[in-house]
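Asker: Sharing my_file.cif (mmCIF, C-alpha atoms and all ligand atoms) below.
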data_start
#
loop_
_atom_site.label_atom_id
_atom_site.label_comp_id
_atom_site.auth_asym_id
_atom_site.auth_seq_id
_atom_site.Cartn_x
_atom_site.Cartn_y
_atom_site.Cartn_z
CA MET A 28 -5.22 17.36 20.14
CA ASN A 29 -6.60 13.89 20.87
CA MET A 30 -9.38 11.81 19.39
CA LYS A 31 -11.77 8.93 20.05
CA ALA A 32 -10.77 5.60 18.52
CA ILE A 33 -11.21 1.84 18.72
CA VAL A 34 -7.68 0.53 19.14
CA LEU A 35 -6.45 -3.02 18.51
CA HIS A 36 -3.59 -3.91 20.87
CA GLY A 37 -3.03 -7.47 19.66
CA GLY A 38 -4.82 -10.68 18.67
CA GLY A 39 -7.38 -12.67 20.64
CA GLY A 40 -9.92 -9.95 21.35
CA ASN A 41 -7.45 -7.42 22.74
CA TYR A 42 -9.04 -4.11 21.73
CA SER A 43 -10.46 -1.10 23.51
CA TYR A 44 -12.36 2.16 23.15
CA GLU A 45 -10.00 5.08 23.74
CA ALA A 46 -11.39 8.57 24.39
CA ASN A 47 -7.99 10.32 24.15
CA TRP A 48 -5.95 8.56 21.49
CA LYS A 49 -3.19 10.41 19.64
CA TYR A 50 -4.14 12.48 16.59
CA PRO A 51 -2.63 11.10 13.33
CA GLU A 52 0.61 12.44 11.88
CA GLN A 53 0.34 13.92 8.39
CA PRO A 54 3.16 12.93 5.98
CA ASP A 55 3.79 14.89 2.73
CA ASP A 56 1.11 14.25 0.10
CA TRP A 57 -1.26 12.87 2.74
CA ALA A 58 -4.50 14.52 3.91
CA ILE A 59 -6.24 14.25 7.26
CA VAL A 60 -9.88 13.16 6.93
CA LYS A 61 -12.48 13.80 9.62
CA VAL A 62 -14.33 10.48 9.50
CA ALA A 63 -18.12 10.65 8.99
CA TYR A 64 -19.20 7.02 8.40
CA SER A 65 -17.05 3.93 8.87
CA GLY A 66 -18.24 0.42 7.96
CA ILE A 67 -17.16 -2.71 9.84
CA CYS A 68 -16.01 -5.27 7.26
CA GLY A 69 -16.36 -9.04 7.64
CA SER A 70 -12.56 -9.18 7.35
CA ASP A 71 -12.20 -6.98 10.47
CA ILE A 72 -13.95 -9.54 12.67
CA PRO A 73 -11.15 -12.18 12.69
CA ARG A 74 -8.61 -9.37 13.18
CA PHE A 75 -10.47 -8.29 16.33
CA ALA A 76 -11.42 -11.78 17.54
CA SER A 77 -8.28 -13.80 16.86
CA THR A 78 -5.51 -12.88 14.42
CA GLY A 79 -4.78 -9.26 15.26
CA SER A 80 -3.15 -7.07 12.61
CA TYR A 81 0.42 -6.66 11.27
CA ASN A 82 1.63 -4.51 14.12
CA HIS A 83 0.07 -2.93 17.19
CA PRO A 84 -1.41 -0.72 18.46
CA LYS A 85 -3.47 -0.36 15.27
CA ILE A 86 -6.73 1.34 14.32
CA LEU A 87 -8.67 -0.86 11.91
CA GLY A 88 -11.35 0.31 9.43
CA HIS A 89 -10.96 0.48 5.63
CA GLU A 90 -14.51 1.31 4.50
CA PHE A 91 -15.17 4.95 5.30
CA SER A 92 -16.00 8.44 4.17
CA GLY A 93 -15.56 11.87 5.67
CA LEU A 94 -14.65 15.51 5.20
CA ILE A 95 -11.19 16.83 4.45
CA GLU A 96 -9.91 18.24 7.74
CA SER A 97 -6.45 19.18 6.50
CA PRO A 98 -5.57 18.86 2.79
CA ALA A 99 -2.13 17.63 1.71
CA ASP A 100 0.37 20.48 1.82
CA GLY A 101 0.04 22.53 -1.38
CA SER A 102 -2.92 20.42 -2.65
CA LYS A 103 -4.57 21.75 -5.78
CA LEU A 104 -7.31 19.10 -5.61
CA TYR A 105 -8.85 19.36 -2.16
CA LYS A 106 -9.73 21.96 0.44
CA LYS A 107 -11.01 21.73 4.01
CA GLY A 108 -14.60 20.46 4.14
CA ASP A 109 -14.63 18.58 0.82
CA PRO A 110 -16.59 15.28 1.05
CA VAL A 111 -14.50 12.22 0.20
CA ALA A 112 -14.48 8.44 0.44
CA ILE A 113 -11.29 6.43 0.78
CA LEU A 114 -9.76 3.54 -1.14
CA PRO A 115 -7.40 1.73 1.22
CA ILE A 116 -4.66 0.03 -0.82
CA ILE A 117 -1.32 1.84 -1.17
CA PRO A 118 0.85 -0.02 -3.72
CA CYS A 119 4.61 0.55 -3.42
CA GLY A 120 4.97 1.71 -7.04
CA GLU A 121 8.43 0.13 -7.19
CA CYS A 122 8.16 -3.68 -7.21
CA GLU A 123 8.07 -5.62 -10.50
CA ASN A 124 4.29 -6.06 -10.37
CA CYS A 125 3.82 -2.31 -9.89
CA VAL A 126 6.40 -1.21 -12.48
CA ILE A 127 6.63 -3.87 -15.16
CA GLY A 128 3.53 -6.03 -14.91
CA GLY A 129 1.00 -3.25 -14.88
CA GLN A 130 -1.31 -5.51 -12.88
CA GLY A 131 -3.74 -4.11 -10.35
CA PRO A 132 -2.59 -2.62 -7.02
CA PHE A 133 -3.39 -5.82 -5.08
CA HIS A 134 -0.58 -7.63 -6.93
CA CYS A 135 1.98 -5.28 -5.36
CA LYS A 136 4.57 -7.27 -3.39
CA ASN A 137 5.02 -4.61 -0.74
CA TYR A 138 1.76 -2.73 -0.29
CA GLN A 139 0.42 -0.72 2.63
CA PHE A 140 -3.27 -0.83 3.55
CA ILE A 141 -5.29 1.76 5.44
CA GLY A 142 -7.03 -0.09 8.27
CA SER A 143 -4.68 -3.06 8.65
CA ARG A 144 -1.02 -2.14 7.99
CA ASN A 145 -1.72 1.58 8.50
CA ASP A 146 -4.19 3.18 10.91
CA GLY A 147 -7.73 3.28 9.55
CA GLY A 148 -11.18 4.72 10.03
CA PHE A 149 -12.43 3.45 13.39
CA ALA A 150 -11.41 6.84 14.77
CA GLU A 151 -12.46 10.47 14.48
CA TYR A 152 -9.53 11.34 12.20
CA CYS A 153 -7.36 9.38 9.78
CA ALA A 154 -4.35 10.21 7.59
CA ILE A 155 -4.79 9.18 3.91
CA PRO A 156 -2.52 9.63 0.87
CA GLU A 157 -4.19 12.19 -1.40
CA LYS A 158 -4.05 9.56 -4.20
CA ASN A 159 -6.32 7.29 -2.11
CA LEU A 160 -9.15 9.80 -1.83
CA LEU A 161 -12.30 9.49 -3.92
CA ARG A 162 -14.13 12.78 -4.38
CA LEU A 163 -17.85 12.56 -3.56
CA PRO A 164 -20.36 14.82 -5.32
CA SER A 165 -21.96 16.12 -2.09
CA VAL A 166 -22.17 15.65 1.67
CA GLU A 167 -25.46 13.78 1.03
CA ALA A 168 -23.37 11.01 -0.58
CA LEU A 169 -21.21 10.50 2.57
CA ARG A 170 -23.29 7.65 4.03
CA ALA A 171 -23.26 5.69 0.76
CA GLY A 172 -19.64 6.80 0.32
CA SER A 173 -18.61 4.51 3.18
CA PHE A 174 -19.22 1.71 0.64
CA ALA A 175 -16.49 2.97 -1.72
CA GLU A 176 -14.13 0.08 -0.99
CA PRO A 177 -16.74 -2.71 -1.19
CA MET A 178 -18.17 -1.08 -4.34
CA ALA A 179 -14.67 -1.03 -5.85
CA VAL A 180 -14.47 -4.76 -5.02
CA GLY A 181 -17.90 -5.33 -6.65
CA LEU A 182 -16.82 -3.44 -9.74
CA ASN A 183 -13.66 -5.54 -9.98
CA VAL A 184 -15.69 -8.76 -9.64
CA VAL A 185 -17.96 -7.79 -12.53
CA ARG A 186 -15.00 -6.61 -14.68
CA LYS A 187 -13.12 -9.88 -14.00
CA SER A 188 -16.20 -11.92 -15.01
CA GLY A 189 -16.31 -10.20 -18.40
CA PHE A 190 -20.05 -9.59 -17.90
CA LYS A 191 -21.92 -8.52 -21.07
CA PRO A 192 -25.09 -6.35 -21.16
CA GLY A 193 -28.36 -8.21 -21.64
CA LYS A 194 -27.10 -11.37 -19.92
CA THR A 195 -28.44 -13.07 -16.80
CA ALA A 196 -26.67 -13.58 -13.49
CA ILE A 197 -27.02 -15.32 -10.15
CA VAL A 198 -25.19 -14.21 -7.01
CA PHE A 199 -24.66 -16.73 -4.19
CA GLY A 200 -24.58 -14.95 -0.83
CA ALA A 201 -26.63 -11.78 -0.23
CA GLY A 202 -24.22 -10.31 2.31
CA PRO A 203 -22.58 -6.93 1.70
CA ILE A 204 -20.15 -8.15 -1.01
CA GLY A 205 -22.83 -10.17 -2.80
CA LEU A 206 -25.22 -7.21 -2.74
CA VAL A 207 -22.69 -4.64 -4.02
CA THR A 208 -21.71 -7.13 -6.72
CA GLY A 209 -25.40 -7.38 -7.65
CA ILE A 210 -25.67 -3.58 -7.81
CA CYS A 211 -22.62 -3.44 -10.10
CA ILE A 212 -24.04 -6.19 -12.35
CA LYS A 213 -27.19 -4.05 -12.76
CA GLU A 214 -24.96 -1.10 -13.69
CA PHE A 215 -23.52 -3.26 -16.48
CA GLY A 216 -26.96 -3.70 -18.03
CA ALA A 217 -27.99 -7.14 -16.80
CA HIS A 218 -31.25 -8.59 -18.10
CA LYS A 219 -31.80 -10.30 -14.76
CA VAL A 220 -29.94 -10.67 -11.44
CA ILE A 221 -31.06 -13.30 -8.91
CA MET A 222 -29.70 -13.09 -5.37
CA VAL A 223 -29.74 -16.36 -3.46
CA ASP A 224 -28.97 -17.14 0.17
CA ILE A 225 -30.04 -19.44 2.97
CA ARG A 226 -30.38 -16.68 5.60
CA GLN A 227 -33.82 -15.05 5.77
CA LYS A 228 -32.42 -11.66 6.80
CA ASN A 229 -30.09 -11.49 3.77
CA ILE A 230 -32.93 -12.42 1.43
CA GLU A 231 -35.12 -9.66 2.91
CA THR A 232 -32.34 -7.10 2.40
CA ALA A 233 -31.85 -8.24 -1.22
CA LYS A 234 -35.61 -7.92 -1.82
CA SER A 235 -35.65 -4.40 -0.38
CA LEU A 236 -33.00 -3.47 -2.97
CA GLY A 237 -35.31 -4.68 -5.74
CA PHE A 238 -33.53 -7.95 -6.55
CA GLU A 239 -35.26 -11.12 -7.58
CA THR A 240 -34.40 -13.61 -4.80
CA ALA A 241 -34.47 -17.32 -4.01
CA ASP A 242 -34.15 -19.04 -0.64
CA LEU A 243 -31.92 -22.10 -1.09
CA SER A 244 -32.88 -23.40 2.35
CA LYS A 245 -36.35 -23.97 0.83
CA ILE A 246 -35.85 -24.72 -2.87
CA ASN A 247 -33.42 -26.72 -4.97
CA ILE A 248 -31.04 -24.87 -7.31
CA ASN A 249 -32.53 -26.71 -10.32
CA GLU A 250 -35.87 -24.97 -9.77
CA ILE A 251 -34.24 -21.71 -10.96
CA ASP A 252 -33.76 -20.90 -14.68
CA LYS A 253 -30.23 -21.35 -16.05
CA VAL A 254 -28.00 -18.24 -16.20
CA ASP A 255 -24.99 -16.94 -18.15
CA TYR A 256 -22.92 -15.78 -15.15
CA ALA A 257 -22.64 -17.04 -11.58
CA PHE A 258 -20.93 -15.16 -8.75
CA GLU A 259 -19.86 -16.99 -5.58
CA ALA A 260 -19.92 -14.49 -2.69
CA ALA A 261 -20.91 -16.89 0.08
CA GLY A 262 -17.60 -18.64 0.75
CA SER A 263 -19.33 -22.00 0.44
CA GLY A 264 -18.42 -25.19 -1.41
CA LYS A 265 -22.15 -25.94 -1.78
CA ALA A 266 -22.59 -22.64 -3.64
CA LEU A 267 -19.76 -23.58 -6.05
CA SER A 268 -21.48 -26.88 -6.73
CA ASP A 269 -24.83 -25.11 -7.27
CA ALA A 270 -23.15 -22.62 -9.60
CA VAL A 271 -21.83 -25.44 -11.79
CA SER A 272 -25.41 -26.80 -11.98
CA ILE A 273 -27.15 -23.55 -12.82
CA LEU A 274 -24.75 -22.15 -15.42
CA LYS A 275 -25.60 -22.43 -19.12
CA PRO A 276 -22.96 -24.07 -21.36
CA GLU A 277 -19.88 -21.83 -21.67
CA GLY A 278 -21.05 -19.83 -18.64
CA VAL A 279 -18.67 -17.99 -16.33
CA LEU A 280 -18.23 -18.66 -12.61
CA THR A 281 -16.50 -15.84 -10.72
CA VAL A 282 -15.38 -16.43 -7.15
CA VAL A 283 -15.12 -13.66 -4.56
CA GLY A 284 -16.32 -15.48 -1.40
CA ARG A 285 -13.70 -16.92 0.94
CA ASP A 286 -14.33 -20.33 2.43
CA THR A 287 -12.86 -21.07 5.85
CA LYS A 288 -12.06 -24.70 5.00
CA ASP A 289 -10.93 -26.74 1.98
CA THR A 290 -13.19 -26.49 -1.05
CA VAL A 291 -13.70 -29.95 -2.52
CA ILE A 292 -15.25 -30.42 -5.95
CA SER A 293 -17.16 -33.66 -6.49
CA LEU A 294 -16.35 -35.89 -9.47
CA LYS A 295 -19.83 -35.21 -10.89
CA ASP A 296 -19.42 -31.42 -10.68
CA PHE A 297 -15.96 -31.63 -12.18
CA GLU A 298 -17.33 -33.59 -15.13
CA THR A 299 -20.21 -31.08 -15.53
CA PHE A 300 -17.71 -28.21 -15.36
CA MET A 301 -15.77 -29.76 -18.24
CA ARG A 302 -18.75 -30.85 -20.35
CA LYS A 303 -20.36 -27.41 -20.14
CA GLU A 304 -16.97 -25.80 -20.92
CA LEU A 305 -17.41 -23.37 -18.04
CA GLN A 306 -14.89 -20.70 -17.19
CA LEU A 307 -13.65 -20.09 -13.65
CA ARG A 308 -12.30 -16.70 -12.54
CA GLY A 309 -10.85 -15.58 -9.22
CA CYS A 310 -10.90 -12.06 -7.77
CA TRP A 311 -9.00 -10.33 -5.03
CA GLY A 312 -9.34 -6.73 -3.89
CA TYR A 313 -10.03 -4.16 -6.57
CA ASP A 314 -8.50 -2.21 -9.42
CA VAL A 315 -10.24 1.07 -10.21
CA ARG A 316 -7.38 2.80 -12.01
CA GLY A 317 -8.91 5.04 -14.64
CA GLU A 318 -12.48 4.70 -13.38
CA LEU A 319 -12.67 6.70 -10.17
CA ASP A 320 -15.32 9.02 -11.63
CA PHE A 321 -17.36 5.99 -12.73
CA LEU A 322 -17.12 4.54 -9.20
CA ALA A 323 -18.11 7.83 -7.54
CA GLY A 324 -20.98 8.09 -10.05
CA ILE A 325 -22.36 4.64 -9.20
CA ILE A 326 -22.15 5.41 -5.47
CA ALA A 327 -24.10 8.65 -5.94
CA ARG A 328 -26.70 7.11 -8.31
CA ARG A 329 -27.19 4.04 -6.13
CA SER A 330 -26.92 5.77 -2.75
CA LYS A 331 -30.47 4.89 -1.67
CA GLU A 332 -29.83 1.19 -2.40
CA LEU A 333 -26.46 1.23 -0.65
CA GLU A 334 -27.96 2.83 2.45
CA LYS A 335 -30.38 -0.12 2.69
CA LEU A 336 -27.38 -2.38 3.35
CA ILE A 337 -26.86 -0.58 6.67
CA SER A 338 -28.58 -2.78 9.25
CA HIS A 339 -27.06 -1.00 12.26
CA ALA A 340 -25.65 2.53 12.70
CA ILE A 341 -23.79 2.93 16.00
CA LYS A 342 -21.71 5.48 17.91
CA ILE A 343 -18.01 4.90 18.50
CA LYS A 344 -18.52 4.57 22.28
CA GLU A 345 -20.82 1.56 21.71
CA THR A 346 -18.55 -0.01 19.14
CA LYS A 347 -16.49 -2.22 21.47
CA ASN A 348 -19.61 -4.00 22.78
CA ILE A 349 -21.13 -4.34 19.32
CA ILE A 350 -17.91 -5.82 17.91
CA ASP A 351 -17.84 -8.29 20.83
CA ASP A 352 -21.35 -9.37 19.81
CA MET A 353 -20.40 -9.50 16.11
CA CYS A 354 -17.41 -11.73 16.94
CA ALA A 355 -19.73 -14.03 18.92
CA ARG A 356 -22.36 -13.83 16.11
CA LYS A 357 -24.92 -12.83 18.73
CA PHE A 358 -27.10 -10.95 16.23
CA GLU A 359 -27.88 -10.92 12.51
CA TYR A 360 -26.49 -8.00 10.57
CA CYS A 361 -25.76 -6.87 7.05
CA LYS A 362 -23.52 -3.79 7.35
CA VAL A 363 -22.76 -2.19 10.70
CA ILE A 364 -21.44 1.37 10.42
CA ILE A 365 -19.99 3.73 12.98
CA GLU A 366 -21.59 7.16 12.66
CA PHE A 367 -19.46 10.09 13.84
ZN ZN A 401 -13.65 -4.76 3.48
ZN ZN A 402 4.58 -2.74 -5.64
#
Have the structure of the file written as structure tokens, please.

Answerer:
Amino acid sequence: MNMKAIVLHGGGGNYSYEANWKYPEQPDDWAIVKVAYSGICGSDIPRFASTGSYNHPKILGHEFSGLIESPADGSKLYKKGDPVAILPIIPCGECENCVIGGQGPFHCKNYQFIGSRNDGGFAEYCAIPEKNLLRLPSVEALRAGSFAEPMAVGLNVVRKSGFKPGKTAIVFGAGPIGLVTGICIKEFGAHKVIMVDIRQKNIETAKSLGFETADLSKININEIDKVDYAFEAAGSGKALSDAVSILKPEGVLTVVGRDTKDTVISLKDFETFMRKELQLRGCWGYDVRGELDFLAGIIARRSKELEKLISHAIKIKETKNIIDDMCARKFEYCKVIIEF
């Protein structure tokens, strides 16, 4: 049996649509998932456009949901047709960070990753370790379920910030990661969440999700009330500087956005950072050990909001052209998903 897939053959834009690609092998304790919805992540774009992946040919895609096509041999947890989302990281379970440190899976020294080191979800079928499946409550949750990985990232960001109920927050960057972070902050009982951006389209999306918004291409950061927590999801040095300005004394700045150049802190901001006794926290990936049910619950409860992040739903045959346009930034998008 063969399947349709988008296949990356190497760096520098070398990828193609394949109508008859080989069906995945199914190792012990792995299931085959029939992909339903597969989101294109911002991190996939440089892999397609320039860097390539770890080895080739490779099927990218780490944000997806689907139905169990073939459960792991002898599985007591899943049967054919069950709706699931996937969580892509596969820690080795043997290195010192896995065994002794007890840190999250992204600190593993030798991990595998569905959609970069292993084949992922830009295909009709994908092999997934049973441990990496997230059970969804119903097939109605499949569309929102394609946000399982970004939502796990958002949850980790809020956990790492130490966010407390009743507090106020600002999120810089109303792209997909900023928006899912905002949704998770609401889940933690925020008094107020303000989403800020300089792109009109992102601000409109944030508004449609019910967030208070501010357009920093039009107003100055000091026109906004001070907040307890700031989240940098824009990958911008300017946003870091604005965060230092808008935080209350002893506020927390949590960074999840990735800049593409050096981040330089001005002397004035550095002094303000010290005088206000701010805290700075970094985040990478996610760690949802022990809270898979909580994660699946948020996805189901917030499915209508998550679906509003989808700016474009496309078919796999059109995907090559759309990715070309995404790489060239020919159109504005929030989340582009492939619908199978
Ligand atoms: Zn991603
Ligand atoms: Zn490890």

Asker: Let me make sure I understand: among A:Gly312, A:Gly88, A:Pro51, A:Gly79, which one has the smallest atom-to-atom distance to Gly148 (chain A) if we use all atoms listed in the file?

Answerer: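 The answer is A:Gly88, which sits nearest to Gly148 (chain A).
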
Asker: Which residues are close to Asn249 (chain A), i.e. within 10 Å by all atoms listed in the file, leaving aside same-chain residues fewer than 4 positions away? Reply as a list in words.

Answerer: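 Residues meeting the cut-off are Lys253, Asp269, Ser272 and Ile273 of chain A.
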
Asker: Measuring between all atoms listed in the file, which one of A:Val207, A:Ile59, A:Ile343, A:Val126 shows the shortest distance to ligand ZN 401 (chain A)?

Answerer: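 Residue with the minimum atom-to-atom distance to ligand ZN 401 (chain A): A:Val207.
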
Asker: Give the residues close to ligand ZN 402 (chain A), within 12 Å, counting only C-alpha atoms and all ligand atoms; write them as a tab-separated table (two decimals) with C-alpha atoms, in the frame of the given file.

Answerer:
chain	number	residue	atom	x	y	z
A	116	ILE	CA	-4.66	0.03	-0.82
A	117	ILE	CA	-1.32	1.84	-1.17
A	118	PRO	CA	0.85	-0.02	-3.72
A	119	CYS	CA	4.61	0.55	-3.42
A	120	GLY	CA	4.97	1.71	-7.04
A	121	GLU	CA	8.43	0.13	-7.19
A	122	CYS	CA	8.16	-3.68	-7.21
A	123	GLU	CA	8.07	-5.62	-10.50
A	124	ASN	CA	4.29	-6.06	-10.37
A	125	CYS	CA	3.82	-2.31	-9.89
A	126	VAL	CA	6.40	-1.21	-12.48
A	127	ILE	CA	6.63	-3.87	-15.16
A	128	GLY	CA	3.53	-6.03	-14.91
A	129	GLY	CA	1.00	-3.25	-14.88
A	130	GLN	CA	-1.31	-5.51	-12.88
A	131	GLY	CA	-3.74	-4.11	-10.35
A	132	PRO	CA	-2.59	-2.62	-7.02
A	133	PHE	CA	-3.39	-5.82	-5.08
A	134	HIS	CA	-0.58	-7.63	-6.93
A	135	CYS	CA	1.98	-5.28	-5.36
A	136	LYS	CA	4.57	-7.27	-3.39
A	137	ASN	CA	5.02	-4.61	-0.74
A	138	TYR	CA	1.76	-2.73	-0.29
A	139	GLN	CA	0.42	-0.72	2.63

Asker: Rounded to one decimal, what separation in Å do you get between CA of Leu305 (chain A) and CA of Val279 (chain A)?

Answerer: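 If I compute the distance from CA of Leu305 (chain A) to CA of Val279 (chain A), I get 5.8 Å.
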
Asker: Compile a residue-level contact table for chain A against ligand ZN 401 (chain A) at a cut-off of 6 Å, reporting for every qualifying residue the shortest atom pair and its distance in Å to one decimal, with only C-alpha atoms and all ligand atoms counted, rows ordered by chain and ascending number, as a tab-separated table.

Answerer:
residue	atom	partner	partner_atom	distance
A:Cys68	CA	A:ZN401	ZN	4.5
A:Ser70	CA	A:ZN401	ZN	6.0
A:Pro177	CA	A:ZN401	ZN	6.0

Asker: For each of A:Glu90, A:Asp286, A:Glu318, A:Glu359, take the minimum atom-to-atom distance to Ala175 (chain A), counting all atoms listed in the file, then give the residue where this is smallest.

Answerer: A:Glu90
